Each structure stands twice: as C-alpha cells, then as structure tokens.
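**Q** Starting off with a structure, shown below.
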Amino acid sequence: MAEYNMHILVCGGTGCKASQSELIKTNFKTRLNEFGLADEIQVILTGCFGFCEKGPIVKILPDNTFYTQVTPEDVDEIVEEHIIKGRKVERLLYKDPETHEIVGDSKGMDFYKKQIRIALRNCGFINPENIEEYIGRDGYAALGTCLSEKTPDEVIRMIKDSGLRGRGGGGFPTGLKWELTRKSVSDQKYVVCNADEGDPGAFMDRSILEGDPHSVLESMAICGYCIGADKGLVYIRAEYPLAIERLKIAINQAREYGLLGNDILGTGFNFDIEIRYGAGAFVCGEETALIHSMEGKRGEPGVKPPFPAEKGYNGKPTNVNNVETFANIPVIINKGAEWFASIGTANSKGTKVFALAGKINNVGLIEVPMGITLREIIYDIGGGIKDGREFKAVQTGGPSGGCLTKSFLDTPIDYDNLVAAGSMMGSGGMIVLDDSDCMVAIAKFYLEFTLDESCGKCTPCRIGNKRLYEILEKITEGNGKLEDLDRLRMLSTVIKDTSLCGLGQTSPNPVLSTLDHFYDEYLAHVTTHKCLAGQCKALVNYAIDTDRCTGCTLCFRNCPVGAISGERRAPHYIDKSLCIKCGVCFEKCKFDAVLIA
Amino acid sequence: MNKIKSLADLKKLQSEVQSKIKLREKGDNPDSLIQIKVSMATCGIASGAKETMTYLIEELDHQGIDAIVTQTGCMGYCYAEPTIEVTIPGQKPVVYGFVNKTKAQEIIEKHLKFNEMVDGIIPAAYATINN
C-alpha cells in the first residue's frame with residue numbers, strides 16, 4: 001500500500017459536524033483529487049479535539065499545524081497554499097487571546113499544555129470508524145494480555161492498585177466494584193456501560209464514544225472476563241445519534257475481527273455487546289433506574305441494597321460503570337497500575353475529563369490530572385472569563401453539585417476536596433459564571449431541571465422540590481421574605497435526608513451551596529428587593545444617569561418599545577411604565593450612563 | 001477479514017497497521033525526531049523537489065529511520081533547487097542545495113546515520129526573526 005506522506009485530520013465531533021466539518025472533509029478529498037494528491041495525502045474524520053470554542057478544527061500532520069474555525073470555502077486556500085506550496089494559511093491559525101501572537105502548533109497552545117490525555121488519548125487522533133487505527137494504538141492489546149496472561153483476580157488487583165474511581169460522579173472505587181460483582185454467585189452476569197450522560201452542559205462521555213468507541217468495548221470485555229460475564233450492554237440516550245452510529249460500527253468491526261463474540265483470541269472466552277437506548281431521562285443515570293429502564297420497566301430507582309453487584313439486570317449480578325471509567329482501563333493494563341497511580345492526588349488518581357462551558361473563552365473538552373487547581377483550568381486552559389469580566393463562581397456536578405467561589409480558585413481539584421467545598425466531582429460538567437450571573441437564578445435554573453426530571457416515585461423529591469422552586473420563584477420576583485431563606489434551608493435538608501435515590505438526595509445542593517457562599521445575594525433579594533447581578537427582571541429598574549448621558553441617541557434607537565425619549569446631545573429618559581426591562585439600553589450604552597437601580 | 005485467533009495474531013496486525021498512523025505519532029513529538037524540510041515552491045518543484053521528497057520518505061521508511069519529512073515554501077535558494085533543510089534534534093539546521101536522489105542518498109547514509117556533514121551545504125546567510 002502506498003504510504004501517505006501527509007495526514008489531514010478533520011474534527012468529526014458533534015460540535016464541529018454541526019459547523020459543516022463533513023463538507024470540509026469532502027471538499028478536501030475533491031480538491032486533492034483534482035491535484036492528483038489523493039494517494040499521497042490521507043483525509044480523516046476524527047473524534048473531538050476538545051477545542052470546541054474554535055471549531056471546526058483541522059489538524060495537518062506531520063507538521064502539526066492547527067487550523068481553527070475552518071469553513072468549507074477555506075479548503076481551497078489550505079490545499080493551494082499549505083499543501084501545494086508549503087505555506088501555512090496564517091489567518092486560520094490559532095491566535096493567543098492575550099498576546100495576539102499566532103500559534104500554529106497545537107503543542108504551543110495553553111489550552112493543550114496542561115492537559116494529560118488518558119481517557120481522550122485517541123480522540124482527535126484516530127478515525128473512530130476504523131478498528132485498525134485503534135489496534136495500531138495498542139488497541140485490544142490490554143484485552144489480549146488479560147485473557148492470555150492474567151487471571152481475573154490479578155486484573156482486579158491491578159485496577160484496585162491503580163486507585164481508579166468511578167468517573168460518573170460518585171467516585172466509588174472501580175476495582176472494588178468489580179470484585180464485589182465477581183464474588184456474587186450466579187449462572188449469568190452482566191457488564192453495563194452507563195452512557196446516559198444527563199447533566200446539562202456535560203458532553204464528556206459522548207465525545208469518548210464518538211472519538212474512541214473501541215476503548216469502551218475493549219474495557220467492557222475485560223470487565224466481563226474479570227467478573228465472569230459473557231454479555232455486555234451499553235445504555236445510551238437516543239439523543240446521541242452520532243455516538244450510537246459509531247458505537248454500532250465499532251461493535252460490528254470488533255465482531256468481524258473476532259474481538260467480540262465466541263472464543264475471543266482463541267482463549268475460549270465469550271463476550272458480546274448490545275446497545276440499549278434510553279429516552280433521555282436524567283434519573284436513568286442512577287444505576288438502579290438505569291437497570292429498570294433496560295428491563296423495559298419505568299425508569300424509577302429502586303432501594304439499595306441489594307446493590308446491582310448482587311441483583312441487577314434481570315435479577316442477575318450486574319457491574320455498572322460509566323463510559324469515562326471504562327476508557328481508562330486499557331491504559332492501566334498496558335502501562336501498569338503504578339504509572340496510573342503516580343498521576344493525581346492521594347485519594348484521587350489519574351485524570352478527569354471536564355466539559356468547560358459558560359462564560360469562558362475556550363469552551364471545550366479538557367482532560368487534566370487530578371489535583372490541578374481551578375485557577376489553572378479557568379485561566380490557563382480556559383483562557384479566562386469572556387469579555388474580560390470578573391470570575392464569580394464555577395458550578396460543578398450539574399444539578400447535584402454546587403458552586404465553587406473565588407476562595408476555592410487555588411484548591412486542588414479531586415473527589416474529596418470538592419465534597420469538602422460543598423460541591424462534587426459529578427460527571428465533569430464545569431459551568432463558569434461571571435459577575436452578571438445571579439446566583440439565586442442559577443439555583444432556580446437547576447431546580448427547574450430537577451423538577452422536570454424527578455420521576456415522582458417518592459414524595460420528598462416530587463413535592464419538596466416543587467415547593468423549593470416556588471420559594472425561589474417568589475424571591476426572584478421580589479416577593480421573598482427573610483424567613484423564606486430559613487425555610488429554603490430547612491426544606492432542602494429534609495429533601496436530602498428523606499429522598500429515595502441520588503437525584504432527590506442531591507437536588508437541593510445548588511440551593512444549599514449558593515445559600516452558603518452567596519447569602520448576601522439572597523439577602524439583597526428579600527430585604528432591599530435588589531438583584532445585584534441585574535438578572536432578575538422583576539427586581540431591576542433601568543435609569544439614565546443624566547450627568548453621564550451624552551445624548552448620543554444609541555439607546556433611543558435600540559429600545560424595542562420606544563420607552564426612551566430625549567433630544568440629541570441632551571440627556572435621555574426612560575419611561576418606567578413602558579420599559580419591559582430587556583436590558584438592551586444597558587448593553588448598548590458606550591458611556592456607562594444606563595444604571596441598574 | 002479473517003478473525004484474529006490469538007494474542008500473537010493481534011500483535012502482528014498491530015505492527016502492520018502501526019505504520020499507517022506512525023506519521024501522526026511522529027507529529028506529536030516533533031522535537032525529538034530528525035526533521036527534513038523540502039523546499040517546494042514553483043522553482044523547487046520544477047527542479048524535481050517532489051521526486052526528492054518522495055524518495056526521502058520511501059527510503060527513510062524502508063531503512064526504518066524515524067524522521068519527519070515535510071514540505072515548506074521557497075527558501076530563497078532558487079539557484080540551488082531542490083533544497084532541503086535537515087535538523088538533527090538538539091543541533092542547528094543545515095541546508096543542502098541541489099539535492100537529487102543521489103545526493104539524498106548520501107545525506108541519509110552520512111548525515112542522518114553518522115552525523116557527518118556532506119558536501120553541498122549552503123551556509124545560512126541571514127538571521128530569522130526567531131533567532
């Protein structure tokens with residue numbers, strides 16, 4: 001086969017695909033064909049590069065050129081300039097947001113400098129639809145080693161020694177979970193992969209499945225070997241069509257190559273994997289609810305114990321692990337437990353994938369070693385807060401987590417420190433908030449999500465959360481009273497203590513954590529009826545500072561309801577009876593003359 | 001596709017397919033590898049730079065020497081095309097002119113393998129903004 005002397009990697013993650021990366025790939029192929037270069041240059045659609053902020057990403061190797069925000073029309077220029085003449089297309093290269101210097105090589109980008117990619121090792125590097133590229137990257141070697149050279153107990157020992165903990169949120173030691181399931185005696189056991197990623201703003205698991213599906217399949221087979229299961233199930237939400245598509249291709253390829261099915265690698269070990277679809281209910285990420293949903297029952301959680309390790313799917317012992325947890329396993333087997341345990345902090349080993357979102361410059365997917373500080377994530381990797389505004393807090397752990405404030409910027413991030421700080425690791429969503437975000441409104445937003453997602457089986461969650469939401473609504477509308485704050489806290493505690501499953505036990509966390517860290521904001525809402533961030537419309541009144549107003553008429557021209565009046569070069573006024581508090585005048589004014597009162 | 005029957009079969013397939021993505025792995029740590037840049041502007045291509053580049057890629061692969069061969073724009077030595085720039089890790093880049101297949105072979109045999117410079121070096125006549 002002819003050797004390719006150049007590879008063009010086009011990001012095929014959901015984000016970049018939405019920005020026409022498929023067309024970019026087609027255009028590359030067409031143009032290269034026209035120049036007769038199709039045999040020399042390989043064009044590949046890969047998984048997510050993580051730098052979603054500047055997608056679609058095109059990476060050219062071996063010279064490691066990193067093009068950002070490429071459009072299908074840019075392809076001609078890249079081919080003619082870079083490919084044919086060897087001149088990089090400067091306008092498409094990444095520019096450092098602070099120094100404005102061009103950084104052509106991804107190695108030099110702050111975004112990648114502090115990352116260690118274990119779970120994402122192949123994302124943005126291989127073609128996820130080609131099993132051979134995975135095999136070329138040590139793929140299925142870990143499964144081969146386990147089946148031919150190690151006993152199940154030895155493998156479990158390795159996973160335990162590595163210190164790997166569940167990446168889905170709870171942080172339960174993975175090796176221990178496997179051991180418990182192994183010890184359960186039964187004629188049939190199951191391995192389940194939890195791909196029901198439900199936190200708003202989280203997309204770690206989706207990206208792994210889209211970018212490197214085989215790593216999950218390989219781990220599930222290893223897990224099956226360890227616990228004594230010959231059947232694996234991937235529970236994935238139907239709203240992840242691309243991940244499902246790639247997973248299907250991967251399963252078929254693995255079967256074709258004899259890496260799934262009967263007598264794998266001639267060792268007599270049988271293992272096969274099926275896909276089960278979820279309808280996208282948040283509670284189905286909870287393992288007992290997930291199992292019920294797979295059995296065709298209502299997606300409601302059950303009482304633990306018995307744990308799935310004893311009685312799970314169809315009443316048989318079942319080991320449930322999250323996608324990211326699985327993606328770490330082959331590397332631990334290949335590189336050794338000690339290597340893995342050397343990364344991270346005392347009780348949290350390895351790396352964690354985070355989905356950075358919100359008011360941050362570099363929205364995207366990152367994988368960092370445990371123990372990194374929030375400051376490094378937000379300012380070095382994330383490139384700081386959007387529009388130069390001030391950092392207020394970061395929300396981790398989604399609707400079950402809490403907020404970390406400025407005072408936690410230098411706390412090393414690991415499972416225990418986050419819990420101590422009143423939040424949690426969760427699955428890894430990180431939503432960055434700036435000074436224009438109202439914390440009461442944030443708490444209300446998450447509670448609204450929980451209300452929608454509560455399955456309704458137990459009373460504290462079904463009714464308690466509704467009451468919590470009503471109190472928050474009252475506060476944001478300016479009708480809150482001081483005693484409401486105590487009521488919020490008391491009700492939250494009751495819901496936490498009495499709910500059946502993890503959803504209800506954690507749903508008041510956003511309320512409690514914002515009450516703890518931003519009590520002054522709550523206080524301002526109920527005593528002086530002011531929203532400090534200016535977000536709660538009912539509490540906000542816009543007025544024009546007549547000293548500052550230059551009479552430029554910009555606000556007057558932009559007001560959608562004609563509530564602003566005034567002569568040119570003379571101070572303007574807002575008619576409060578007409579004002580709909582949309583905030584356009586506040587945003588448009590160049591002289592800071594519009595005040596929030 | 002025949003099924004993979006054993007760990008040995010898997011390892012065999014792995015070494016076969018590894019070459020397909022080796023280029024990408026090389027690109028991931030460019031500083032630790034020999035880098036060769038081939039000047040591929042109009043004059044270079046007209047003088048046979050493309051043939052030189054293909055030869056370099058094939059020969060290095062054939063001999064199992066890990067190196068990154070990339071193309072670059074005009075280096076300005078239009079009188080001496082094809083020109084290539086060879087960088088051994090930790091050393092200053094060296095530019096060779098008139099690199100045809102024979103010359104390329106000589107460079108591989110002497111410069112890349114034994115770090116012995118061969119005739120035909122073009123002395124750096126200018127400073128770049130990087131140094």
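Naming works like this for the structure tokens: A, B, ... for the chains as they're shown, residue 1 at the start of each chain, ligands 1 onward in shown order.
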Residues within 6 Å of stretch 60-76 of chain B, please, as a list in words. Count only C-alpha atoms; anything in the same chain fewer than 5 positions from it doesn't count.

**A**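 Selected residues are Lys85, Gly86 and Arg87 of chain A; Leu33, Ile34, Gln35, Ile36, Lys37, Val38, Ser39, Met40 and Ala41 of chain B.
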
**Q** Excluding same-chain residues fewer than 3 positions from A:Glu587, what lies within 12 Å of it counting only C-alpha atoms, as a PyMOL selection string?

**A** chain A and resi 436+534+542+554-555+558-559+581-584+590-596

**Q** Out of A:Gln253, A:Ser400, A:Ser207, A:Thr553, which residue has the shortest atom-to-atom distance to A:Gly364 when counting only C-alpha atoms?

**A**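 Smallest separation from A:Gly364 among the options: A:Ser207.
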
**Q** Using only C-alpha atoms, determine which residues of chain B fall within 10 Å of chain A; present them as a PyMOL selection string.

**A** chain B and resi 1-11+13-30+35+37-42+44-45+53-54+57-58+61+67-74

**Q** Would you work out the distance separating atom CA of A:Ala221 from atom CA of A:Gly13, expressed in Å to one decimal?

**A**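 Spanning atom CA of A:Ala221 to atom CA of A:Gly13 is a straight-line distance of 25.4 Å.
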
**Q** Enumerate, as an MDAnalysis selection string, the complete set of residues in chain B that a backbone-based DSSP assignment places in alpha helix (DSSP H).

**A** chainID B and resid 7:28 42:46 49:63 101:106 113:114

**Q** Atom CA of A:Glu210 and atom CA of A:Val394, how far apart in Å?

**A**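 Separation of atom CA of A:Val394 and atom CA of A:Glu210: 26.8 Å.
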